[in-house]
$ cat model_38.pdb   # PDB, C-alpha atoms
ATOM      1  CA  ASN A1020      15.401-122.468-161.468
ATOM      2  CA  PRO A1021      16.887-122.027-164.965
ATOM      3  CA  ALA A1022      18.914-118.961-163.964
ATOM      4  CA  ARG A1023      20.596-120.779-161.070
ATOM      5  CA  ALA A1024      21.217-123.815-163.238
ATOM      6  CA  ALA A1025      22.956-121.608-165.816
ATOM      7  CA  GLU A1026      25.147-120.085-163.071
ATOM      8  CA  LEU A1027      26.252-123.512-161.874
ATOM      9  CA  ARG A1028      27.001-124.710-165.397
ATOM     10  CA  ALA A1029      29.130-121.614-165.948
ATOM     11  CA  ILE A1030      31.101-122.289-162.753
ATOM     12  CA  GLY A1031      31.782-125.856-163.806
ATOM     13  CA  PRO A1032      32.362-129.058-161.812
ATOM     14  CA  PRO A1033      34.299-128.977-158.533
ATOM     15  CA  SER A1034      37.352-130.785-159.879
ATOM     16  CA  ASN A1035      38.061-128.029-162.413
ATOM     17  CA  THR A1036      37.965-124.953-160.186
ATOM     18  CA  ALA A1037      40.071-124.022-157.154
ATOM     19  CA  GLY A1038      37.865-122.333-154.546
ATOM     20  CA  TRP A1039      34.809-123.784-156.286
ATOM     21  CA  ALA A1040      32.636-123.644-153.141
ATOM     22  CA  LYS A1041      33.010-119.859-152.844
ATOM     23  CA  TYR A1042      31.756-119.378-156.400
ATOM     24  CA  VAL A1043      28.716-121.553-155.700
ATOM     25  CA  TRP A1044      27.977-120.079-152.255
ATOM     26  CA  PRO A1045      29.500-116.556-152.142
ATOM     27  CA  ASN A1046      28.590-116.045-148.465
ATOM     28  CA  LEU A1047      30.217-119.293-147.338
ATOM     29  CA  LYS A1048      32.737-118.657-144.530
ATOM     30  CA  ILE A1049      33.061-121.793-142.385
ATOM     31  CA  VAL A1050      32.661-125.489-143.152
ATOM     32  CA  PRO A1051      32.456-127.860-140.127
ATOM     33  CA  SER A1052      33.690-131.399-140.681
ATOM     34  CA  ALA A1053      35.521-134.301-139.083
ATOM     35  CA  ALA A1054      39.128-133.934-140.205
ATOM     36  CA  SER A1055      41.379-136.032-137.971
ATOM     37  CA  GLY A1056      42.458-139.665-138.160
ATOM     38  CA  PRO A1057      41.432-141.386-141.423
ATOM     39  CA  PHE A1058      39.389-138.320-142.432
ATOM     40  CA  SER A1059      42.596-136.302-142.771
ATOM     41  CA  SER A1060      43.330-137.915-146.153
ATOM     42  CA  ALA A1061      40.608-135.791-147.779
ATOM     43  CA  VAL A1062      41.611-132.470-146.165
ATOM     44  CA  PRO A1063      43.909-131.209-148.983
ATOM     45  CA  LYS A1064      41.228-131.807-151.620
ATOM     46  CA  VAL A1065      38.525-130.194-149.469
ATOM     47  CA  LYS A1066      40.701-127.136-148.839
ATOM     48  CA  HIS A1067      41.351-126.876-152.582
ATOM     49  CA  LEU A1068      37.611-126.814-153.246
ATOM     50  CA  LEU A1069      36.928-124.335-150.436
ATOM     51  CA  GLY A1070      39.725-121.907-151.339
ATOM     52  CA  PRO A1071      41.657-119.582-149.028
ATOM     53  CA  ASP A1072      38.661-117.499-147.927
ATOM     54  CA  VAL A1073      36.671-120.375-146.388
ATOM     55  CA  THR A1074      37.754-121.909-143.076
ATOM     56  CA  LEU A1075      37.585-125.657-142.518
ATOM     57  CA  GLN A1076      36.906-126.430-138.858
ATOM     58  CA  SER A1077      36.623-129.609-136.824
ATOM     59  CA  PRO A1078      34.174-128.210-134.261
ATOM     60  CA  ARG A1079      33.787-131.047-131.791
ATOM     61  CA  PHE A1080      35.054-134.353-130.471
ATOM     62  CA  ALA A1081      32.077-136.529-129.681
ATOM     63  CA  SER A1082      30.815-140.076-129.629
ATOM     64  CA  SER A1083      27.492-141.840-129.519
ATOM     65  CA  GLU A1084      27.835-142.157-125.734
ATOM     66  CA  CYS A1085      28.438-138.525-124.806
ATOM     67  CA  PHE A1086      29.856-135.186-125.914
ATOM     68  CA  ILE A1087      33.602-134.933-125.178
ATOM     69  CA  GLY A1088      35.035-131.581-126.253
ATOM     70  CA  VAL A1089      35.271-128.684-128.679
ATOM     71  CA  THR A1090      37.973-127.372-130.964
ATOM     72  CA  TYR A1091      40.701-125.556-129.057
ATOM     73  CA  HIS A1092      42.110-123.496-131.909
ATOM     74  CA  PRO A1093      40.171-122.830-135.158
ATOM     75  CA  GLY A1094      43.285-123.359-137.284
ATOM     76  CA  ASP A1095      44.094-126.784-135.804
ATOM     77  CA  LEU A1096      41.854-129.594-137.002
ATOM     78  CA  ASN A1097      43.021-132.054-134.363
ATOM     79  CA  ARG A1098      43.225-130.177-131.053
ATOM     80  CA  PHE A1099      40.315-130.271-128.625
ATOM     81  CA  ARG A1100      39.462-128.835-125.208
ATOM     82  CA  ILE A1101      37.673-131.363-123.014
ATOM     83  CA  ILE A1102      34.270-130.019-121.927
ATOM     84  CA  LEU A1103      32.196-132.522-120.004
ATOM     85  CA  GLU A1104      28.526-131.640-119.792
ATOM     86  CA  ASP A1105      26.886-135.062-119.979
ATOM     87  CA  GLY A1106      29.643-137.449-118.938
ATOM     88  CA  PHE A1107      33.095-138.037-117.481
ATOM     89  CA  VAL A1108      36.324-139.244-119.067
ATOM     90  CA  GLU A1109      38.878-141.665-117.672
ATOM     91  CA  TYR A1110      42.413-141.657-119.076
ATOM     92  CA  LEU A1111      43.950-145.127-119.024
ATOM     93  CA  ASN A1112      47.470-146.169-119.888
ATOM     94  CA  VAL A1113      47.526-147.464-123.459
ATOM     95  CA  ASP A1114      48.686-150.929-122.338
ATOM     96  CA  SER A1115      46.654-151.235-119.128
ATOM     97  CA  GLU A1116      43.695-153.490-118.459
ATOM     98  CA  GLU A1117      40.115-152.210-118.738
ATOM     99  CA  VAL A1118      39.774-151.321-115.042
ATOM    100  CA  ALA A1119      39.212-147.947-113.428
ATOM    101  CA  ASP A1120      42.130-148.214-110.963
ATOM    102  CA  LYS A1121      44.571-148.083-113.886
ATOM    103  CA  LEU A1122      44.157-144.314-114.293
ATOM    104  CA  CYS A1123      47.408-142.849-115.541
ATOM    105  CA  VAL A1124      48.869-139.357-115.469
ATOM    106  CA  ALA A1125      52.555-140.099-116.079
ATOM    107  CA  VAL A1126      52.442-140.573-119.861
ATOM    108  CA  ARG A1127      51.208-138.488-122.776
ATOM    109  CA  SER A1128      49.176-141.097-124.691
ATOM    110  CA  PHE A1129      45.999-142.546-123.203
ATOM    111  CA  ARG A1130      42.955-144.631-123.968
ATOM    112  CA  ARG A1131      39.729-142.684-123.617
ATOM    113  CA  VAL A1132      36.883-144.209-121.578
ATOM    114  CA  ALA A1133      33.565-142.338-121.464
ATOM    115  CA  LEU A1134      31.225-142.513-118.461
ATOM    116  CA  SER A1135      27.720-141.226-119.160
ATOM    117  CA  VAL A1136      25.818-139.165-116.576
ATOM    118  CA  VAL A1137      22.509-140.788-117.469
ATOM    119  CA  GLY A1138      22.707-144.348-116.198
ATOM    120  CA  GLY A1139      26.373-144.228-115.224
ATOM    121  CA  TRP A1140      27.364-146.500-118.092
ATOM    122  CA  ARG A1141      31.086-146.867-118.794
ATOM    123  CA  TYR A1142      32.122-147.103-122.445
ATOM    124  CA  CYS A1143      35.600-148.100-123.631
ATOM    125  CA  SER A1144      35.738-146.076-126.827
ATOM    126  CA  GLY A1145      38.901-147.549-128.326
ATOM    127  CA  ASP A1146      40.343-144.072-128.970
ATOM    128  CA  ILE A1147      44.021-143.403-128.321
ATOM    129  CA  VAL A1148      44.488-139.711-127.516
ATOM    130  CA  GLU A1149      47.530-137.600-126.662
ATOM    131  CA  LEU A1150      47.397-135.076-123.844
ATOM    132  CA  LEU A1151      48.910-131.825-125.135
ATOM    133  CA  GLY A1152      48.517-129.746-121.961
ATOM    134  CA  PHE A1153      45.885-127.744-120.139
ATOM    135  CA  ALA A1154      43.957-124.616-121.117
ATOM    136  CA  PRO A1155      45.379-121.624-119.185
ATOM    137  CA  ASP A1156      41.974-120.079-118.462
ATOM    138  CA  ASP A1157      40.199-122.981-116.732
ATOM    139  CA  GLY A1158      42.674-125.880-116.659
ATOM    140  CA  SER A1159      40.659-128.081-119.024
ATOM    141  CA  PRO A1160      42.702-130.893-120.637
ATOM    142  CA  VAL A1161      43.672-130.286-124.280
ATOM    143  CA  MET A1162      44.218-133.367-126.403
ATOM    144  CA  ARG A1163      44.459-134.652-129.941
ATOM    145  CA  PHE A1164      43.221-137.875-131.505
ATOM    146  CA  VAL A1165      46.046-140.289-132.395
ATOM    147  CA  ARG A1166      44.475-143.528-133.580
ATOM    148  CA  ARG A1167      42.017-146.265-132.807
ATOM    149  CA  ARG A1168      43.213-148.989-130.469
ATOM    150  CA  ASN A1169      43.899-152.453-131.894
ATOM    151  CA  VAL A1170      43.501-151.224-135.482
ATOM    152  CA  GLU A1171      46.642-152.615-137.063
ATOM    153  CA  ILE A1172      48.063-155.054-139.553
ATOM    154  CA  ARG A1173      50.331-157.777-138.188
ATOM    155  CA  LEU A1174      53.054-159.037-140.496
ATOM    156  CA  ASP A1175      55.867-161.499-139.753
ATOM    157  CA  THR A1176      57.382-159.641-136.803
ATOM    158  CA  ALA A1177      55.868-156.168-137.314
ATOM    159  CA  SER A1178      52.613-154.571-136.206
ATOM    160  CA  VAL A1179      51.653-151.566-138.350
ATOM    161  CA  THR A1180      49.292-149.138-136.634
ATOM    162  CA  GLU A1181      46.396-147.193-138.109
ATOM    163  CA  ALA A1182      48.302-143.913-137.780
ATOM    164  CA  GLN A1183      51.295-145.317-139.679
ATOM    165  CA  LEU A1184      49.072-146.647-142.450
ATOM    166  CA  VAL A1185      47.272-143.318-142.851
ATOM    167  CA  GLN A1186      50.475-141.278-142.853
ATOM    168  CA  SER A1187      52.328-143.548-145.266
ATOM    169  CA  ILE A1188      49.672-143.763-147.988
ATOM    170  CA  CYS A1189      48.733-140.075-147.804
ATOM    171  CA  SER A1190      52.311-138.755-147.862
ATOM    172  CA  ALA A1191      53.606-141.066-150.568
ATOM    173  CA  THR A1192      51.030-140.702-153.320
ATOM    174  CA  GLN A1193      50.292-136.974-153.709
ATOM    175  CA  ASP A1194      52.732-136.441-156.610
ATOM    176  CA  THR A1195      52.699-139.996-157.966
ATOM    177  CA  ILE A1196      49.193-141.352-158.493
ATOM    178  CA  GLY A1197      47.302-138.327-157.095
ATOM    179  CA  GLN A1198      45.340-137.100-154.091
ATOM    180  CA  ILE A1199      43.603-139.875-152.156
ATOM    181  CA  MET A1200      40.047-139.262-151.000
ATOM    182  CA  GLU A1201      39.371-142.594-149.282
ATOM    183  CA  PHE A1202      41.223-145.833-148.764
ATOM    184  CA  THR A1203      41.304-149.081-146.882
ATOM    185  CA  CYS A1204      43.912-151.802-146.593
ATOM    186  CA  PHE A1205      44.289-155.520-145.974
ATOM    187  CA  LYS A1206      46.982-157.992-145.108
ATOM    188  CA  ASP A1207      47.839-159.348-148.561
ATOM    189  CA  ILE A1208      48.597-163.076-148.288
ATOM    190  CA  ARG A1209      47.929-164.000-151.915
ATOM    191  CA  LYS A1210      51.609-164.821-152.323
ATOM    192  CA  LEU A1211      54.708-164.910-150.145
ATOM    193  CA  PRO A1212      56.131-162.876-148.639
ATOM    194  CA  CYS A1213      52.939-161.248-147.365
ATOM    195  CA  THR A1214      52.530-157.487-147.547
ATOM    196  CA  ILE A1215      49.991-154.675-147.154
ATOM    197  CA  ALA A1216      47.434-154.068-149.903
ATOM    198  CA  PHE A1217      45.945-150.581-150.223
ATOM    199  CA  PHE A1218      42.667-149.950-152.043
ATOM    200  CA  VAL A1219      42.455-146.228-152.841
ATOM    201  CA  GLU A1220      39.922-143.902-154.441
ATOM    202  CA  LEU A1221      41.426-140.768-155.964
ATOM    203  CA  ALA A1222      40.090-137.226-155.900
ATOM    204  CA  GLN A1223      40.402-137.049-159.694
ATOM    205  CA  GLU A1224      39.662-139.486-162.484
ATOM    206  CA  PRO A1225      42.491-142.041-162.389
ATOM    207  CA  GLY A1226      42.940-142.165-166.159
ATOM    208  CA  MET A1227      45.946-144.099-167.427
ATOM    209  CA  LEU A1228      48.522-144.220-164.646
ATOM    210  CA  SER A1229      52.008-145.038-165.852
ATOM    211  CA  THR A1230      53.890-148.056-164.602
ATOM    212  CA  THR A1231      56.564-145.683-163.301
ATOM    213  CA  SER A1232      54.048-143.711-161.233
ATOM    214  CA  ARG A1233      52.566-146.863-159.734
ATOM    215  CA  HIS A1234      55.974-148.316-158.846
ATOM    216  CA  LEU A1235      57.172-145.022-157.371
ATOM    217  CA  ALA A1236      54.045-144.765-155.217
ATOM    218  CA  LYS A1237      54.541-148.297-153.861
ATOM    219  CA  GLN A1238      58.217-147.684-153.165
ATOM    220  CA  ARG A1239      57.447-144.467-151.297
ATOM    221  CA  VAL A1240      54.846-146.247-149.170
ATOM    222  CA  ALA A1241      57.411-148.927-148.330
ATOM    223  CA  ASP A1242      60.007-146.266-147.479
ATOM    224  CA  ALA A1243      57.530-144.311-145.333
ATOM    225  CA  LEU A1244      56.482-147.409-143.382
ATOM    226  CA  SER A1245      60.127-148.416-142.897
ATOM    227  CA  SER A1246      61.047-144.977-141.562
ATOM    228  CA  MET A1247      58.189-145.041-139.034
ATOM    229  CA  ASN A1248      58.412-148.661-137.941
ATOM    230  CA  ASP A1249      61.739-150.410-137.270
ATOM    231  CA  ARG A1250      60.167-153.856-137.457
ATOM    232  CA  VAL A1251      58.722-153.118-140.889
ATOM    233  CA  ARG A1252      62.166-152.021-142.063
ATOM    234  CA  TRP A1253      63.686-155.238-140.726
ATOM    235  CA  ASP A1254      61.002-157.424-142.343
ATOM    236  CA  TYR A1255      61.288-155.586-145.661
ATOM    237  CA  ASP A1256      65.100-155.657-145.764
ATOM    238  CA  CYS A1257      65.323-159.364-144.956
ATOM    239  CA  GLY A1258      62.582-160.339-147.405
ATOM    240  CA  ALA A1259      59.928-161.241-144.851
ATOM    241  CA  MET A1260      57.625-158.491-146.222
ATOM    242  CA  GLY A1261      56.919-157.824-149.879
ATOM    243  CA  MET A1262      56.470-154.535-151.701
ATOM    244  CA  PRO A1263      53.128-152.932-150.708
ATOM    245  CA  THR A1264      50.450-153.118-153.384
ATOM    246  CA  ILE A1265      48.176-150.232-154.396
ATOM    247  CA  ARG A1266      44.957-150.776-156.285
ATOM    248  CA  VAL A1267      43.151-147.693-157.608
ATOM    249  CA  VAL A1268      39.401-148.325-157.604
ATOM    250  CA  LYS A1269      36.881-146.496-159.757
ATOM    251  CA  PRO A1270      35.159-143.342-158.436
ATOM    252  CA  GLY A1271      32.164-144.153-156.249
ATOM    253  CA  THR A1272      33.496-147.540-155.111
ATOM    254  CA  PHE A1273      33.453-146.649-151.422
ATOM    255  CA  MET A1274      29.975-145.167-151.723
ATOM    256  CA  GLU A1275      28.821-148.448-153.240
ATOM    257  CA  TYR A1276      30.600-150.280-150.423
ATOM    258  CA  ARG A1277      28.652-148.297-147.820
ATOM    259  CA  LYS A1278      25.403-149.102-149.619
ATOM    260  CA  TRP A1279      26.340-152.783-149.800
ATOM    261  CA  LYS A1280      27.321-152.897-146.120
ATOM    262  CA  PHE A1281      24.104-151.117-145.127
ATOM    263  CA  GLU A1282      22.053-153.723-146.963
ATOM    264  CA  ALA A1283      24.159-156.630-145.669
ATOM    265  CA  ALA A1284      24.397-155.601-142.024
ATOM    266  CA  ALA A1285      21.141-153.627-141.619
ATOM    267  CA  ILE A1286      22.765-150.917-139.493
ATOM    268  CA  GLY A1287      22.177-147.175-139.379
ATOM    269  CA  THR A1288      23.828-145.152-142.121
ATOM    270  CA  CYS A1289      25.353-142.743-139.566
ATOM    271  CA  GLN A1290      27.491-145.631-138.276
ATOM    272  CA  LEU A1291      28.791-146.705-141.695
ATOM    273  CA  LYS A1292      32.494-145.930-141.948
ATOM    274  CA  VAL A1293      35.199-147.220-144.217
ATOM    275  CA  LEU A1294      37.647-148.959-141.901
ATOM    276  CA  VAL A1295      41.341-148.242-142.307
ATOM    277  CA  VAL A1296      42.067-151.947-141.828
ATOM    278  CA  MET A1297      39.686-154.642-142.997
ATOM    279  CA  SER A1298      40.215-158.202-141.855
ATOM    280  CA  ASP A1299      36.830-159.765-142.595
ATOM    281  CA  PRO A1300      36.952-161.275-146.124
ATOM    282  CA  THR A1301      33.195-160.759-146.420
ATOM    283  CA  TYR A1302      33.632-156.987-146.145
ATOM    284  CA  SER A1303      36.764-156.917-148.274
ATOM    285  CA  SER A1304      34.829-158.451-151.151
ATOM    286  CA  GLY A1305      32.578-155.408-151.116
ATOM    287  CA  VAL A1306      35.514-153.215-152.138
ATOM    288  CA  ASP A1307      37.431-155.600-154.393
TER
END

$ encode --input "model_38.pdb" --output "structure tokens"
Amino acid sequence: NPARAAELRAIGPPSNTAGWAKYVWPNLKIVPSAASGPFSSAVPKVKHLLGPDVTLQSPRFASSECFIGVTYHPGDLNRFRIILEDGFVEYLNVDSEEVADKLCVAVRSFRRVALSVVGGWRYCSGDIVELLGFAPDDGSPVMRFVRRRNVEIRLDTASVTEAQLVQSICSATQDTIGQIMEFTCFKDIRKLPCTIAFFVELAQEPGMLSTTSRHLAKQRVADALSSMNDRVRWDYDCGAMGMPTIRVVKPGTFMEYRKWKFEAAAIGTCQLKVLVVMSDPTYSSGVD
């Protein structure tokens, strides 16, 4: 279609135009997408491309085992009403054992366990969720996703959670090295003291980043982690943790990683995700 091709060339590439999606698809109104947890790092860039007239929604909270819930408020990308049509949900204390008699209602943060209707199978999902309250119309629980359980980096005396890693790298780099689209991190033990190494892919071409920008980004990550985690602050202040490292990888690196992992592990593409924390050196070599 030469006419359509000419229209798209006139609009230009996405990176050059705010609200680009509306120019390409004038009738576009809503875009459904996962947008909580690690996916939240790409939300600012996606909203820039969509523009103010297109709504980004996170329509559902679901897993391979069963459907869990739907968005509670269209403007909140991480608030869901539990609607159980093909399963049940147990809420376990974050630190309890994996047994059903450890149901907990006295705290706000829980581990989610799904029980399917078909077969009665019980699945420990590994999700940590926070109970926000109950819907006034039918009393359904309303919750938000917090983090995955046991996804953390252990340093000398500190354990840094997935949520802290996501928040620190996303908040510290916006005006230093740029908007991050995807990232992963490792425990960096190449030299002492050990630290956290971030591998990031930027929304824009990285170009020539100044030494000042790189150092400022690393310092802000260290400050953000220290403010969220007292043990990190103690380790960093006493020299038991080094300055975090940030490596900017070329565009398309994480796409190539998914392709490499698909070929290496022979698993379905729908299950291929870039982990926030990678501990297996075999997988880390696919990004390095």

$ atom_distance --input "model_38.pdb" --atom1 "CA of Val1268 (chain A)" --atom2 "CA of Val1065 (chain A)"
19.9 Å

$ residues_around --input "model_38.pdb" --residues "Ile1188 (chain A)" --least-positions-apart "3" --cutoff "6 Å" --atoms "all atoms listed in the file" --output "PyMOL selection string"
chain A and resi 1185+1191+1240

$ resolve_selection --input "model_38.pdb" --expression "the PyMOL selection byres ((chain A and resi 1096) around 7)" --output "PDB file with C-alpha atoms, keeping the file's coordinate frame"
ATOM      1  CA  ALA A1054      39.128-133.934-140.205  1.00  0.00           C
ATOM      2  CA  SER A1055      41.379-136.032-137.971  1.00  0.00           C
ATOM      3  CA  GLN A1076      36.906-126.430-138.858  1.00  0.00           C
ATOM      4  CA  SER A1077      36.623-129.609-136.824  1.00  0.00           C
ATOM      5  CA  GLY A1094      43.285-123.359-137.284  1.00  0.00           C
ATOM      6  CA  ASP A1095      44.094-126.784-135.804  1.00  0.00           C
ATOM      7  CA  ASN A1097      43.021-132.054-134.363  1.00  0.00           C
ATOM      8  CA  ARG A1098      43.225-130.177-131.053  1.00  0.00           C
TER       9      ARG A1098
END

$ atom_distance --input "model_38.pdb" --atom1 "CA of Met1274 (chain A)" --atom2 "CA of Ile1172 (chain A)"
23.9 Å

$ atom_distance --input "model_38.pdb" --atom1 "CA of Ala1061 (chain A)" --atom2 "CA of Leu1174 (chain A)"
27.4 Å

$ closest_residue --input "model_38.pdb" --among "A:Leu1211, A:Val1295, A:Val1161, A:Met1260" --to "Gln1186 (chain A)" --atoms "all atoms listed in the file"
A:Val1295

$ resolve_selection --input "model_38.pdb" --expression "the PyMOL selection byres ((chain A and resi 1079-1082) around 10)" --output "PyMOL selection string"
chain A and resi 1051-1053+1055+1076-1078+1083-1091+1096-1102+1133+1144+1163-1164

$ residues_around --input "model_38.pdb" --residues "Asn1248 (chain A)" --least-positions-apart "5" --cutoff "12 Å" --atoms "all atoms listed in the file" --output "list in words"
Leu1174, Thr1176, Ala1177, Ser1178, Val1179, Thr1180, Ala1182, Gln1183, Leu1184, Gln1186, Ser1187, Ala1241, Asp1242, Ala1243, Trp1253, Asp1254 and Tyr1255 of chain A

$ resolve_selection --input "model_38.pdb" --expression "the PyMOL selection byres ((chain A and resi 1262) around 7)" --output "ChimeraX atom specification"
/A:1214,1237,1241,1260-1261,1263-1264

$ closest_residue --input "model_38.pdb" --among "A:Glu1149, A:Phe1218, A:Val1165, A:Gln1223" --to "Thr1272 (chain A)" --atoms "all atoms listed in the file"
A:Phe1218

$ residues_around --input "model_38.pdb" --residues "region 1067-1070 of chain A" --least-positions-apart "5" --cutoff "9 Å" --atoms "all atoms listed in the file" --output "ChimeraX atom specification"
/A:1033-1034,1036-1041,1047,1050,1062,1075

$ closest_residue --input "model_38.pdb" --among "A:Val1267, A:Arg1173, A:Ile1208, A:Cys1213" --to "Thr1192 (chain A)" --atoms "only C-alpha atoms"
A:Val1267
